[in-house]
>>> print(open('model.txt').read())   # compact mmCIF, C-alpha atoms
# COMPACT_ATOMS: atom_id res chain seq x y z
CA MET V 22 90.92 108.78 112.11
CA THR V 23 91.69 112.45 112.68
CA ALA V 24 95.40 113.20 112.89
CA PRO V 25 96.55 113.49 116.51
CA PRO V 26 97.35 117.05 117.63
CA SER V 27 101.03 117.96 117.62
CA ALA V 28 103.35 120.81 116.73
CA VAL V 29 103.98 119.16 113.37
CA ALA V 30 101.26 117.19 111.60
CA PRO V 31 102.00 113.50 111.04
CA LEU V 32 103.02 112.40 107.59
CA ALA V 33 101.46 109.83 105.29
CA VAL V 34 102.73 108.57 101.94
CA VAL V 35 100.21 107.54 99.30
CA THR V 36 101.68 105.89 96.22
CA GLY V 37 99.40 105.76 93.20
CA ALA V 38 97.55 108.83 94.50
CA SER V 39 96.56 109.92 91.00
CA GLY V 40 94.39 106.80 90.69
CA ALA V 41 90.83 106.66 91.96
CA LEU V 42 91.42 104.86 95.27
CA GLY V 43 94.73 106.58 96.01
CA ALA V 44 93.07 109.94 95.37
CA ALA V 45 90.22 109.09 97.74
CA ILE V 46 92.68 108.11 100.48
CA ARG V 47 94.79 111.23 99.93
CA THR V 48 91.75 113.53 100.05
CA ARG V 49 90.52 112.03 103.32
CA LEU V 50 93.93 112.31 104.94
CA VAL V 51 94.34 115.95 103.96
CA LYS V 52 90.90 116.79 105.36
CA GLU V 53 91.85 115.08 108.62
CA GLY V 54 94.99 117.21 109.03
CA TRP V 55 97.75 114.97 107.73
CA GLN V 56 100.73 116.00 105.67
CA VAL V 57 100.73 113.87 102.53
CA VAL V 58 103.46 112.94 100.07
CA ALA V 59 101.62 111.58 97.06
CA THR V 60 102.92 109.96 93.89
CA TYR V 61 101.82 109.99 90.26
CA ARG V 62 103.27 108.33 87.16
CA THR V 63 102.37 110.42 84.11
CA ARG V 64 100.76 113.82 84.67
CA PRO V 65 101.26 115.75 87.93
CA PRO V 66 97.91 116.60 89.57
CA GLN V 67 97.17 120.23 90.32
CA ASP V 68 96.18 119.76 93.96
CA GLU V 69 98.52 121.87 96.08
CA ASP V 70 97.53 120.41 99.43
CA SER V 71 100.00 117.54 99.01
CA SER V 72 103.63 117.15 97.97
CA TRP V 73 103.58 115.38 94.61
CA VAL V 74 106.40 113.14 93.38
CA ARG V 75 106.71 111.32 90.08
CA PHE V 76 107.13 107.62 90.82
CA ASP V 77 107.50 104.84 88.26
CA ALA V 78 108.34 101.25 89.14
CA SER V 79 110.50 100.99 86.02
CA ASP V 80 112.60 104.06 86.87
CA ASP V 81 115.66 103.71 89.11
CA ALA V 82 115.50 107.41 89.97
CA ALA V 83 112.01 107.00 91.44
CA THR V 84 113.30 105.52 94.69
CA ALA V 85 115.65 108.42 95.36
CA ALA V 86 113.00 111.01 94.46
CA LEU V 87 110.45 109.55 96.87
CA ARG V 88 113.02 109.23 99.65
CA HIS V 89 114.07 112.87 99.19
CA ALA V 90 110.46 114.10 99.27
CA VAL V 91 109.74 112.27 102.52
CA ASP V 92 113.01 113.32 104.13
CA SER V 93 112.10 116.93 103.34
CA CYS V 94 109.04 116.69 105.61
CA ALA V 95 109.41 117.36 109.31
CA GLY V 96 106.47 115.40 110.65
CA PRO V 97 106.75 111.77 111.78
CA LEU V 98 105.99 109.21 109.09
CA ARG V 99 103.01 107.37 110.54
CA ALA V 100 101.36 105.67 107.56
CA VAL V 101 102.22 104.38 104.09
CA PHE V 102 99.49 103.45 101.61
CA ALA V 103 100.73 101.46 98.60
CA CYS V 104 98.01 101.87 95.99
CA ILE V 105 99.90 101.38 92.72
CA GLY V 106 98.55 98.62 90.52
CA ALA V 107 97.67 97.67 86.97
CA PRO V 108 95.20 95.17 85.50
CA SER V 109 95.77 92.61 82.78
CA THR V 110 94.05 92.40 79.40
CA LYS V 111 91.86 89.45 80.46
CA GLN V 112 93.26 87.00 77.95
CA THR V 113 94.03 83.36 78.66
CA VAL V 114 97.46 82.33 79.85
CA ALA V 115 98.19 80.88 76.41
CA ASP V 116 97.25 84.11 74.65
CA THR V 117 98.95 86.56 77.03
CA ASP V 118 102.38 87.78 75.96
CA VAL V 119 105.22 87.39 78.45
CA SER V 120 105.77 91.15 78.36
CA GLU V 121 102.32 91.64 79.92
CA TYR V 122 103.23 89.39 82.85
CA GLU V 123 106.37 91.44 83.37
CA ALA V 124 104.54 94.78 83.17
CA VAL V 125 101.74 93.74 85.53
CA HIS V 126 104.23 92.27 88.01
CA GLN V 127 106.28 95.44 87.89
CA ALA V 128 103.28 97.67 88.55
CA ASN V 129 101.79 95.59 91.35
CA VAL V 130 104.85 94.08 93.04
CA VAL V 131 108.05 95.90 92.06
CA SER V 132 106.42 99.25 92.84
CA PHE V 133 105.92 98.07 96.43
CA VAL V 134 109.57 96.98 96.64
CA ARG V 135 110.74 100.38 95.38
CA THR V 136 108.43 102.10 97.84
CA TRP V 137 109.96 100.19 100.72
CA HIS V 138 113.51 100.82 99.51
CA ALA V 139 112.70 104.54 99.55
CA LEU V 140 110.96 104.61 102.93
CA ALA V 141 112.47 101.82 105.05
CA ASP V 142 114.86 103.94 107.10
CA ARG V 143 112.30 106.64 107.88
CA ALA V 144 109.52 104.13 108.51
CA ARG V 145 111.68 102.21 110.99
CA HIS V 146 112.73 105.37 112.78
CA ASP V 147 109.17 106.66 113.08
CA GLY V 148 107.37 103.33 113.60
CA ALA V 149 105.18 103.69 110.52
CA ARG V 150 102.33 101.39 109.58
CA VAL V 151 102.24 100.15 106.01
CA LEU V 152 99.09 99.13 104.16
CA ALA V 153 99.28 97.66 100.67
CA VAL V 154 96.16 97.49 98.54
CA GLY V 155 95.79 94.12 96.88
CA SER V 156 92.76 92.37 95.47
CA ASP V 157 90.56 89.37 96.11
CA ALA V 158 91.98 88.19 92.77
CA GLY V 159 95.12 87.20 94.67
CA GLN V 160 93.13 84.34 96.19
CA ALA V 161 90.43 83.76 93.59
CA ALA V 162 91.98 82.44 90.38
CA ARG V 163 89.59 83.34 87.56
CA PRO V 164 89.94 82.44 83.86
CA GLY V 165 91.55 85.21 81.84
CA ASN V 166 93.17 86.88 84.82
CA GLY V 167 96.52 85.09 85.05
CA PRO V 168 98.98 88.03 85.17
CA TYR V 169 96.90 90.02 87.66
CA THR V 170 96.15 87.08 89.94
CA ALA V 171 99.81 86.06 89.97
CA ALA V 172 100.93 89.60 90.75
CA LYS V 173 98.44 90.15 93.57
CA ALA V 174 99.30 86.77 95.08
CA ALA V 175 102.97 87.75 94.95
CA LEU V 176 102.19 91.08 96.61
CA ALA V 177 100.39 89.32 99.45
CA SER V 178 103.39 87.03 100.00
CA LEU V 179 105.72 90.02 99.94
CA VAL V 180 103.62 91.84 102.55
CA THR V 181 103.65 88.91 104.98
CA THR V 182 107.39 88.48 104.47
CA LEU V 183 108.08 92.16 105.07
CA ALA V 184 105.94 92.14 108.21
CA LYS V 185 108.12 89.40 109.70
CA GLU V 186 111.34 91.13 108.67
CA GLU V 187 110.31 94.51 110.11
CA LEU V 188 108.64 93.34 113.32
CA HIS V 189 111.68 94.12 115.49
CA HIS V 190 111.77 97.63 114.01
CA GLY V 191 108.22 98.28 115.20
CA VAL V 192 106.85 98.54 111.65
CA ARG V 193 103.49 96.93 110.97
CA VAL V 194 102.69 95.77 107.43
CA ASN V 195 99.27 94.56 106.28
CA LEU V 196 97.28 94.16 103.08
CA LEU V 197 93.66 94.92 102.23
CA ALA V 198 92.21 92.71 99.48
CA PRO V 199 88.94 94.26 98.28
CA SER V 200 86.57 92.83 95.73
CA LEU V 201 85.29 94.91 92.80
CA ILE V 202 85.39 98.68 93.43
CA ASP V 203 83.18 101.07 91.50
CA SER V 204 85.73 103.14 89.57
CA PRO V 205 86.66 104.13 86.01
CA LEU V 206 89.28 101.38 86.01
CA ALA V 207 86.68 98.78 87.00
CA ARG V 208 84.49 99.75 84.07
CA GLN V 209 87.49 99.56 81.75
CA ILE V 210 88.26 96.07 83.02
CA MET V 211 84.66 94.97 82.59
CA SER V 212 84.81 96.21 79.01
CA LEU V 213 87.86 94.01 78.43
CA LYS V 214 85.83 91.10 79.81
CA GLY V 215 83.05 91.82 77.34
CA VAL V 216 80.62 93.34 79.84
CA THR V 217 78.42 95.81 77.94
CA ASP V 218 76.01 96.71 80.77
CA PRO V 219 78.00 97.44 83.98
CA ASP V 220 74.90 98.28 85.99
CA ALA V 221 73.31 94.92 85.20
CA TYR V 222 76.61 93.25 86.09
CA TYR V 223 76.67 95.07 89.42
CA GLU V 224 73.15 93.88 90.24
CA GLN V 225 74.44 90.30 90.26
CA LEU V 226 76.97 91.09 92.99
CA PRO V 227 76.34 90.65 96.74
CA TRP V 228 74.07 93.49 97.94
CA GLY V 229 73.49 94.34 94.26
CA ARG V 230 76.46 96.71 94.04
CA PRO V 231 80.25 96.90 94.05
CA LEU V 232 82.31 98.49 96.80
CA SER V 233 82.44 102.28 96.74
CA LEU V 234 85.68 104.22 96.66
CA ASP V 235 84.77 106.03 99.86
CA GLU V 236 84.16 102.88 101.90
CA VAL V 237 87.40 101.27 100.72
CA ALA V 238 89.39 104.45 101.38
CA ALA V 239 87.90 104.73 104.87
CA THR V 240 88.78 101.09 105.58
CA CYS V 241 92.35 101.60 104.40
CA ILE V 242 92.85 104.61 106.66
CA ASP V 243 91.27 102.87 109.63
CA LEU V 244 93.49 99.78 109.24
CA ALA V 245 96.63 101.88 108.94
CA THR V 246 96.02 104.55 111.56
CA ALA V 247 93.43 103.54 114.16
CA GLU V 248 94.75 102.29 117.49
CA GLN V 249 92.44 99.28 117.58
CA TRP V 250 94.53 97.83 114.71
CA SER V 251 97.89 98.51 116.35
CA TYR V 252 98.53 94.84 117.17
CA ALA V 253 97.96 93.57 113.64
CA THR V 254 100.82 92.87 111.27
CA GLY V 255 101.38 90.41 108.45
CA GLN V 256 97.63 90.11 107.90
CA ILE V 257 95.65 89.84 104.67
CA TYR V 258 92.22 91.40 105.17
CA PRO V 259 89.54 90.54 102.60
CA LEU V 260 86.86 93.12 101.93
CA GLY V 261 83.95 91.54 100.14
CA ALA V 262 80.86 89.43 100.60
CA ALA V 263 80.37 85.71 100.08
CA LEU V 264 77.36 84.46 98.14
>>> encode(input="model.txt", output="structure tokens")
Amino acid sequence: MTAPPSAVAPLAVVTGASGALGAAIRTRLVKEGWQVVATYRTRPPQDEDSSWVRFDASDDAATAALRHAVDSCAGPLRAVFACIGAPSTKQTVADTDVSEYEAVHQANVVSFVRTWHALADRARHDGARVLAVGSDAGQAARPGNGPYTAAKAALASLVTTLAKEELHHGVRVNLLAPSLIDSPLARQIMSLKGVTDPDAYYEQLPWGRPLSLDEVAATCIDLATAEQWSYATGQIYPLGAAL
């Protein structure tokens, strides 16, 4: 959706914008005329078409830094894309250290909580729409994926809870749960699973391919900004194909 014309361009926040999907969403928004506050965790990207903020779910200062960056922008906050996440090491529950459960939960769930703590006041005032990016793993429990499945299921529950809490403020909160996306992270995860030929693995998927970054990014932006989705809140939208 192209940003509506106004004296000041509308504002979007993209957390996890240094990752593949977050970067694809951020790039599309900028091209469509949005102001974007984007977050990274380790190295600041060099793109100067967005306001970059360091954001770490383990850092108490992250909430204040993100709030300050958004409050420094004049445009109305119309959309929030929560794209921060981290995979697990694909070991069994018995072989996975407790610290991994904590780290994966922090990346996938606590990051969303910190994001909302930073943006709640502005989002309520401006009637923002919030879209969290989850995974089909939140519903499909697969062997060797315990920490990630648990975290994505928790994120989905948090999204539906927040939608009910924020309804009277006019804030809509939804979650997109895609299946496998073609990205560097996906190939890293497949390596952890012992997949040595990603292309052959992809051929076994519905339509013989994974989702592309562009089609997932476009879906995210449509769900969060297009008027035909303005009624929806508290919804978990799968994006995949059944065999």
>>> closest_residue(input="model.txt", among="V:Leu234, V:Ala263, V:Leu201, V:Leu32", to="Val101 in chain V", atoms="only C-alpha atoms")
V:Leu32
>>> residues_around(input="model.txt", residues="range 54-58 of chain V", least_positions_apart="2", cutoff="9 Å", atoms="all atoms listed in the file", output="NGL selection string")
:V and (23-26 or 29-36 or 47 or 49-52 or 60 or 70-74 or 87 or 90-91 or 94 or 96)
>>> residues_around(input="model.txt", residues="Asp92 in chain V", least_positions_apart="6", cutoff="12 Å", atoms="only C-alpha atoms", output="ChimeraX atom specification")
/V:32,34,58,72,85-86,98,139-144,146-147
>>> residues_around(input="model.txt", residues="range 224-227 of chain V", least_positions_apart="3", cutoff="7 Å", atoms="all atoms listed in the file", output="count of residues only")
6
>>> closest_residue(input="model.txt", among="V:Asp235, V:Ala82, V:Glu53, V:Lys185", to="Ser204 in chain V", atoms="only C-alpha atoms")
V:Asp235
>>> atom_distance(input="model.txt", atom1="CA of Ile257 in chain V", atom2="CA of His189 in chain V")
19.8 Å
>>> residues_around(input="model.txt", residues="range 162-173 of chain V", least_positions_apart="4", cutoff="10 Å", atoms="only C-alpha atoms", output="PDB file with C-alpha atoms, keeping the file's coordinate frame")
ATOM      1  CA  GLY V 106      98.550  98.620  90.520  1.00  0.00           C
ATOM      2  CA  ALA V 107      97.670  97.670  86.970  1.00  0.00           C
ATOM      3  CA  PRO V 108      95.200  95.170  85.500  1.00  0.00           C
ATOM      4  CA  SER V 109      95.770  92.610  82.780  1.00  0.00           C
ATOM      5  CA  THR V 110      94.050  92.400  79.400  1.00  0.00           C
ATOM      6  CA  LYS V 111      91.860  89.450  80.460  1.00  0.00           C
ATOM      7  CA  GLN V 112      93.260  87.000  77.950  1.00  0.00           C
ATOM      8  CA  THR V 113      94.030  83.360  78.660  1.00  0.00           C
ATOM      9  CA  VAL V 114      97.460  82.330  79.850  1.00  0.00           C
ATOM     10  CA  ALA V 115      98.190  80.880  76.410  1.00  0.00           C
ATOM     11  CA  ASP V 116      97.250  84.110  74.650  1.00  0.00           C
ATOM     12  CA  THR V 117      98.950  86.560  77.030  1.00  0.00           C
ATOM     13  CA  ASP V 118     102.380  87.780  75.960  1.00  0.00           C
ATOM     14  CA  VAL V 119     105.220  87.390  78.450  1.00  0.00           C
ATOM     15  CA  GLU V 121     102.320  91.640  79.920  1.00  0.00           C
ATOM     16  CA  TYR V 122     103.230  89.390  82.850  1.00  0.00           C
ATOM     17  CA  GLU V 123     106.370  91.440  83.370  1.00  0.00           C
ATOM     18  CA  ALA V 124     104.540  94.780  83.170  1.00  0.00           C
ATOM     19  CA  VAL V 125     101.740  93.740  85.530  1.00  0.00           C
ATOM     20  CA  HIS V 126     104.230  92.270  88.010  1.00  0.00           C
ATOM     21  CA  GLN V 127     106.280  95.440  87.890  1.00  0.00           C
ATOM     22  CA  ALA V 128     103.280  97.670  88.550  1.00  0.00           C
ATOM     23  CA  ASN V 129     101.790  95.590  91.350  1.00  0.00           C
ATOM     24  CA  VAL V 130     104.850  94.080  93.040  1.00  0.00           C
ATOM     25  CA  VAL V 131     108.050  95.900  92.060  1.00  0.00           C
ATOM     26  CA  VAL V 154      96.160  97.490  98.540  1.00  0.00           C
ATOM     27  CA  GLY V 155      95.790  94.120  96.880  1.00  0.00           C
ATOM     28  CA  SER V 156      92.760  92.370  95.470  1.00  0.00           C
ATOM     29  CA  ASP V 157      90.560  89.370  96.110  1.00  0.00           C
ATOM     30  CA  ALA V 158      91.980  88.190  92.770  1.00  0.00           C
ATOM     31  CA  ALA V 177     100.390  89.320  99.450  1.00  0.00           C
ATOM     32  CA  SER V 178     103.390  87.030 100.000  1.00  0.00           C
ATOM     33  CA  LEU V 179     105.720  90.020  99.940  1.00  0.00           C
ATOM     34  CA  ALA V 198      92.210  92.710  99.480  1.00  0.00           C
ATOM     35  CA  LYS V 214      85.830  91.100  79.810  1.00  0.00           C
TER      36      LYS V 214
END
>>> closest_residue(input="model.txt", among="V:Ala41, V:Gly255, V:Glu69, V:Ser79", to="Ile202 in chain V", atoms="all atoms listed in the file")
V:Ala41
>>> closest_residue(input="model.txt", among="V:Gly159, V:Arg150, V:Phe76, V:Gly43", to="Tyr258 in chain V", atoms="all atoms listed in the file")
V:Gly159
>>> atom_distance(input="model.txt", atom1="CA of Leu213 in chain V", atom2="CA of Gly40 in chain V")
18.9 Å
>>> atom_distance(input="model.txt", atom1="CA of Gly229 in chain V", atom2="CA of Ile105 in chain V")
27.4 Å
>>> closest_residue(input="model.txt", among="V:Cys104, V:Ala59, V:Leu196, V:Leu42", to="Leu183 in chain V", atoms="all atoms listed in the file")
V:Leu196
>>> closest_residue(input="model.txt", among="V:Val151, V:Ala175, V:Leu232, V:Ala207", to="Ala253 in chain V", atoms="only C-alpha atoms")
V:Val151
>>> residues_near_point(input="model.txt", point="(115.3, 96.8, 94.0)", cutoff="9 Å", atoms="all atoms listed in the file", output="ChimeraX atom specification")
/V:81,84,131,134-135,138
